[in-house]
Amino acid sequence: MIAKMRKQEFWSGIKDEAPILLGVVPFGLLFGALAISARLSSLAAQAMSSIIFAGSAQFIAAQLAGTGTSGLVIVMVVFVVNLRHALYSASVAPHVKGLNTGWKMLLAYLLTDEAYSVTITHYNREGDSETRHWYFLGAGLTLWTSWQISTAVGIFIGAQIPASWPLAFILPLTFIALVVPALKDRAGVAAAIVAGAVGLLALGLPYKTGLLLAALIGILTGLLFDGKPK
Amino acid sequence: MNIWLVMLIGGLLTFATRLSFILLLDRIQVPDWFRGGLRFVPVAVLSAIILPELTSPNGSLYLSWRNPQLLAGMVAILVAWRTKNVILTIVAGMAGLLIFQMVLGML
């Protein structure tokens, strides 16, 4: 019985993550191509996709490495760009409570923007089941595999991707597809609008620190709206 | 610093960030407002990623009906709202972008 539920959760994680790959695969192709043009070796470019495993941080790291930026600065930038994952970590924490440390480490490794958004959307909609970590695993592994493969293809075809193709635009579209249906009440809409507006105003801040600031202010706005009687 | 060392430390820091609260929230009690705020994490973070991509495609603010990314983004928002379908949203947004780029390029 429980084995069947695990399998079901795992498969529905894969199934729900699949449409997102439409946005992720072009991004992986672009990363592979960019890493090579920044003079990273094929091996290093591929390894970055599994060691750092975070799209936008990888883009910035490869670009900085190509311009000869010091390693310490690149490490700091990667850390700051990925700080938003601490918010994801807090957000999934109640759902992975009670799992053993091995599971927690595995799921933390798989906690990317795209696996997180699909998984948390599912948890918020379906409620909590005993085997829900298998859903997370299915979504996370699907993303991981496609990220590795698309990086490899990007390394291989590299410069053949025409620069005029607006492939990078697919990613914000993917996020729109995930956020808009999740906006269900005034507090959520307020959080989204304020976070977006602050994100715009803080665009000048370096290395996505504006993004983090915008997210925090958005969350506070949601909380304030929640506090008011409806 | 060697690129491999940079990747290794950057990767470990990223992993530690992702693991942070997953481990922490099992051990410590957090106030209710903190728990309440968690439900806004996805919409807040993703909106803060989306909006600048639409309004500032080249890094500086471009709020204009001649901005194809902004127009295509609005199409995508509308489709996402009406259909709740990921693939339809992406396809409509990309088609919108290509059409708006072509039409605006002719003006």
# chains A, B, ... in the order shown; residues from 1 in each chain; ligands from 1

$ residues_around --residues "segment 112-126 of chain A" --least-positions-apart "2" --cutoff "6 Å" --atoms "only C-alpha atoms" --output "PDB file with N, CA and C atoms, in the first residue's frame"
ATOM      1  N   LEU A 110      18.279  19.325  -4.045  1.00  0.00           N
ATOM      2  CA  LEU A 110      17.387  19.461  -5.212  1.00  0.00           C
ATOM      3  C   LEU A 110      16.501  20.708  -5.159  1.00  0.00           C
ATOM      4  N   PHE A 136       8.341  15.548  -4.089  1.00  0.00           N
ATOM      5  CA  PHE A 136       9.479  16.469  -4.131  1.00  0.00           C
ATOM      6  C   PHE A 136      10.642  15.806  -4.873  1.00  0.00           C
ATOM      7  N   ALA A 139       9.922  15.553  -8.660  1.00  0.00           N
ATOM      8  CA  ALA A 139      10.061  16.851  -9.320  1.00  0.00           C
ATOM      9  C   ALA A 139      11.532  17.264  -9.368  1.00  0.00           C
ATOM     10  N   GLY A 140      12.236  17.099  -8.242  1.00  0.00           N
ATOM     11  CA  GLY A 140      13.632  17.525  -8.158  1.00  0.00           C
ATOM     12  C   GLY A 140      14.545  16.748  -9.093  1.00  0.00           C
TER      13      GLY A 140
END

$ select_by_dssp --residues "chain B" --states "helix (DSSP H, G or I)" --output "PyMOL selection string"
chain B and resi 3-27+32-38+41-55+68-83+86-106

$ closest_residue --among "B:Pro57, B:Gln29, B:Arg66, B:Val41" --to "Leu107 of chain B" --atoms "only C-alpha atoms"
B:Arg66

$ atom_distance --atom1 "atom CA of Gly28 of chain A" --atom2 "atom CA of Arg6 of chain A"
29.3 Å

$ residues_around --residues "Ile149 of chain A" --least-positions-apart "5" --cutoff "10 Å" --atoms "only C-alpha atoms" --output "list in words"
Val25, Gly28, Leu29, Gly32, Gln46, Ser49, Trp144, Gly154 and Ile155 of chain A

$ write_last_selection --atoms "N, CA and C atoms" --output "JSON list (two decimals), in the first residue's frame"
[["chain", "number", "residue", "atom", "x", "y", "z"],
["A", 25, "VAL", "N", 15.03, 23.82, -20.11],
["A", 25, "VAL", "CA", 15.97, 23.27, -21.08],
["A", 25, "VAL", "C", 16.67, 24.37, -21.91],
["A", 28, "GLY", "N", 19.30, 25.89, -19.79],
["A", 28, "GLY", "CA", 20.47, 25.02, -19.67],
["A", 28, "GLY", "C", 21.35, 25.07, -20.92],
["A", 29, "LEU", "N", 20.70, 25.08, -22.09],
["A", 29, "LEU", "CA", 21.44, 25.20, -23.35],
["A", 29, "LEU", "C", 22.25, 26.49, -23.35],
["A", 32, "GLY", "N", 25.28, 26.25, -21.01],
["A", 32, "GLY", "CA", 26.38, 25.48, -21.58],
["A", 32, "GLY", "C", 27.15, 26.30, -22.61],
["A", 46, "GLN", "N", 30.29, 21.46, -17.20],
["A", 46, "GLN", "CA", 29.35, 20.41, -16.85],
["A", 46, "GLN", "C", 29.32, 20.20, -15.33],
["A", 49, "SER", "N", 27.16, 22.55, -13.27],
["A", 49, "SER", "CA", 25.73, 22.30, -13.26],
["A", 49, "SER", "C", 25.31, 21.28, -12.20],
["A", 144, "TRP", "N", 16.77, 18.04, -12.18],
["A", 144, "TRP", "CA", 18.23, 17.80, -12.15],
["A", 144, "TRP", "C", 18.69, 17.15, -13.44],
["A", 154, "GLY", "N", 24.21, 22.15, -24.58],
["A", 154, "GLY", "CA", 24.65, 23.54, -24.76],
["A", 154, "GLY", "C", 26.15, 23.64, -24.95],
["A", 155, "ILE", "N", 26.91, 22.85, -24.18],
["A", 155, "ILE", "CA", 28.37, 22.83, -24.32],
["A", 155, "ILE", "C", 28.73, 22.35, -25.73]]

$ interface_residues --of "chain B" --to "chain A" --cutoff "6 Å" --atoms "only C-alpha atoms" --output "list in words"
Met1, Val6, Gly10, Gly11, Phe15, Thr17, Arg18, Leu19, Phe21, Ile22, Gly37, Leu38, Phe40, Val43, Ala44, Val45, Ser47, Ala48, Ile50, Leu51, Pro52, Ala80, Trp81, Lys84, Val86, Ile87, Thr89 and Ile90 of chain B

$ write_last_selection --atoms "C-alpha atoms" --output "compact mmCIF listing (two decimals), in the first residue's frame"
# COMPACT_ATOMS: atom_id res chain seq x y z
CA MET B 1 41.69 30.75 -6.80
CA VAL B 6 35.55 28.24 -6.49
CA GLY B 10 30.20 28.08 -4.02
CA GLY B 11 28.37 24.75 -4.25
CA PHE B 15 23.79 23.61 -0.40
CA THR B 17 21.70 27.78 2.30
CA ARG B 18 19.17 25.29 0.93
CA LEU B 19 19.55 23.02 3.94
CA PHE B 21 15.93 26.10 7.64
CA ILE B 22 15.07 22.51 6.77
CA GLY B 37 4.88 34.55 6.32
CA LEU B 38 6.06 31.32 4.70
CA PHE B 40 3.96 34.26 0.76
CA VAL B 43 4.56 34.53 -4.85
CA ALA B 44 6.89 37.18 -3.43
CA VAL B 45 10.17 35.71 -4.73
CA SER B 47 7.07 38.10 -8.65
CA ALA B 48 10.30 39.89 -7.76
CA ILE B 50 9.24 38.24 -13.09
CA LEU B 51 8.42 41.94 -13.04
CA PRO B 52 11.93 43.29 -13.69
CA ALA B 80 -2.12 31.81 -16.95
CA TRP B 81 -5.05 33.38 -15.12
CA LYS B 84 -3.89 27.70 -15.25
CA VAL B 86 1.88 25.96 -17.84
CA ILE B 87 2.53 24.98 -21.44
CA THR B 89 1.15 30.12 -20.85
CA ILE B 90 4.70 29.65 -22.11

$ atom_distance --atom1 "atom CA of Phe27 of chain A" --atom2 "atom CA of Leu71 of chain B"
21.6 Å

$ residues_around --residues "Thr131 of chain A" --least-positions-apart "5" --cutoff "9 Å" --atoms "only C-alpha atoms" --output "ChimeraX atom specification"
/A:2,5-6,9-10

$ closest_residue --among "B:Ala16, B:Ile49, B:Leu97, B:Val91" --to "Ala72 of chain B" --atoms "only C-alpha atoms"
B:Leu97

$ decode --residues "segment 3-30 of chain B" --atoms "N, CA and C atoms" --output "mmCIF file, in the first residue's frame"
data_model
loop_
_atom_site.group_PDB
_atom_site.id
_atom_site.type_symbol
_atom_site.label_atom_id
_atom_site.label_comp_id
_atom_site.auth_asym_id
_atom_site.auth_seq_id
_atom_site.Cartn_x
_atom_site.Cartn_y
_atom_site.Cartn_z
ATOM 1 N N ILE B 3 39.337 27.472 -10.468
ATOM 2 C CA ILE B 3 37.898 27.441 -10.769
ATOM 3 C C ILE B 3 37.198 26.271 -10.070
ATOM 4 N N TRP B 4 37.931 25.158 -9.904
ATOM 5 C CA TRP B 4 37.323 23.999 -9.252
ATOM 6 C C TRP B 4 37.071 24.266 -7.770
ATOM 7 N N LEU B 5 38.023 24.961 -7.143
ATOM 8 C CA LEU B 5 37.865 25.311 -5.732
ATOM 9 C C LEU B 5 36.705 26.303 -5.567
ATOM 10 N N VAL B 6 36.636 27.256 -6.515
ATOM 11 C CA VAL B 6 35.548 28.235 -6.495
ATOM 12 C C VAL B 6 34.194 27.529 -6.584
ATOM 13 N N MET B 7 34.106 26.567 -7.504
ATOM 14 C CA MET B 7 32.834 25.840 -7.673
ATOM 15 C C MET B 7 32.491 25.046 -6.419
ATOM 16 N N LEU B 8 33.516 24.427 -5.842
ATOM 17 C CA LEU B 8 33.286 23.577 -4.679
ATOM 18 C C LEU B 8 32.779 24.402 -3.490
ATOM 19 N N ILE B 9 33.437 25.530 -3.224
ATOM 20 C CA ILE B 9 33.008 26.361 -2.096
ATOM 21 C C ILE B 9 31.643 26.991 -2.396
ATOM 22 N N GLY B 10 31.482 27.498 -3.628
ATOM 23 C CA GLY B 10 30.195 28.079 -4.020
ATOM 24 C C GLY B 10 29.074 27.054 -3.918
ATOM 25 N N GLY B 11 29.368 25.824 -4.320
ATOM 26 C CA GLY B 11 28.372 24.748 -4.249
ATOM 27 C C GLY B 11 28.026 24.395 -2.808
ATOM 28 N N LEU B 12 29.042 24.327 -1.962
ATOM 29 C CA LEU B 12 28.795 24.001 -0.553
ATOM 30 C C LEU B 12 27.966 25.091 0.127
ATOM 31 N N LEU B 13 28.291 26.360 -0.184
ATOM 32 C CA LEU B 13 27.526 27.470 0.406
ATOM 33 C C LEU B 13 26.066 27.418 -0.054
ATOM 34 N N THR B 14 25.871 27.113 -1.341
ATOM 35 C CA THR B 14 24.510 27.020 -1.878
ATOM 36 C C THR B 14 23.737 25.890 -1.199
ATOM 37 N N PHE B 15 24.412 24.763 -1.055
ATOM 38 C CA PHE B 15 23.790 23.614 -0.400
ATOM 39 C C PHE B 15 23.445 23.939 1.057
ATOM 40 N N ALA B 16 24.372 24.601 1.750
ATOM 41 C CA ALA B 16 24.134 24.960 3.150
ATOM 42 C C ALA B 16 22.942 25.905 3.266
ATOM 43 N N THR B 17 22.833 26.845 2.295
ATOM 44 C CA THR B 17 21.698 27.778 2.304
ATOM 45 C C THR B 17 20.387 27.017 2.125
ATOM 46 N N ARG B 18 20.392 26.054 1.211
ATOM 47 C CA ARG B 18 19.171 25.294 0.933
ATOM 48 C C ARG B 18 18.789 24.381 2.090
ATOM 49 N N LEU B 19 19.798 23.940 2.842
ATOM 50 C CA LEU B 19 19.546 23.019 3.940
ATOM 51 C C LEU B 19 19.193 23.755 5.235
ATOM 52 N N SER B 20 19.594 25.050 5.300
ATOM 53 C CA SER B 20 19.545 25.808 6.558
ATOM 54 C C SER B 20 18.266 25.617 7.366
ATOM 55 N N PHE B 21 17.169 26.117 6.851
ATOM 56 C CA PHE B 21 15.929 26.097 7.644
ATOM 57 C C PHE B 21 15.293 24.714 7.708
ATOM 58 N N ILE B 22 15.601 23.878 6.729
ATOM 59 C CA ILE B 22 15.068 22.509 6.770
ATOM 60 C C ILE B 22 15.565 21.817 8.045
ATOM 61 N N LEU B 23 16.839 22.033 8.381
ATOM 62 C CA LEU B 23 17.364 21.451 9.622
ATOM 63 C C LEU B 23 16.942 22.255 10.842
ATOM 64 N N LEU B 24 17.001 23.582 10.701
ATOM 65 C CA LEU B 24 16.780 24.473 11.843
ATOM 66 C C LEU B 24 15.360 24.396 12.389
ATOM 67 N N LEU B 25 14.383 24.392 11.482
ATOM 68 C CA LEU B 25 12.983 24.464 11.931
ATOM 69 C C LEU B 25 12.522 23.174 12.607
ATOM 70 N N ASP B 26 13.347 22.129 12.497
ATOM 71 C CA ASP B 26 13.035 20.902 13.221
ATOM 72 C C ASP B 26 13.430 21.019 14.684
ATOM 73 N N ARG B 27 14.374 21.925 14.940
ATOM 74 C CA ARG B 27 14.947 21.996 16.278
ATOM 75 C C ARG B 27 14.451 23.165 17.100
ATOM 76 N N ILE B 28 14.094 24.262 16.427
ATOM 77 C CA ILE B 28 13.695 25.431 17.211
ATOM 78 C C ILE B 28 12.234 25.769 16.956
ATOM 79 N N GLN B 29 11.617 26.405 17.935
ATOM 80 C CA GLN B 29 10.246 26.884 17.783
ATOM 81 C C GLN B 29 10.302 28.283 17.175
ATOM 82 N N VAL B 30 9.504 28.525 16.153
ATOM 83 C CA VAL B 30 9.483 29.869 15.578
ATOM 84 C C VAL B 30 8.129 30.511 15.858
#
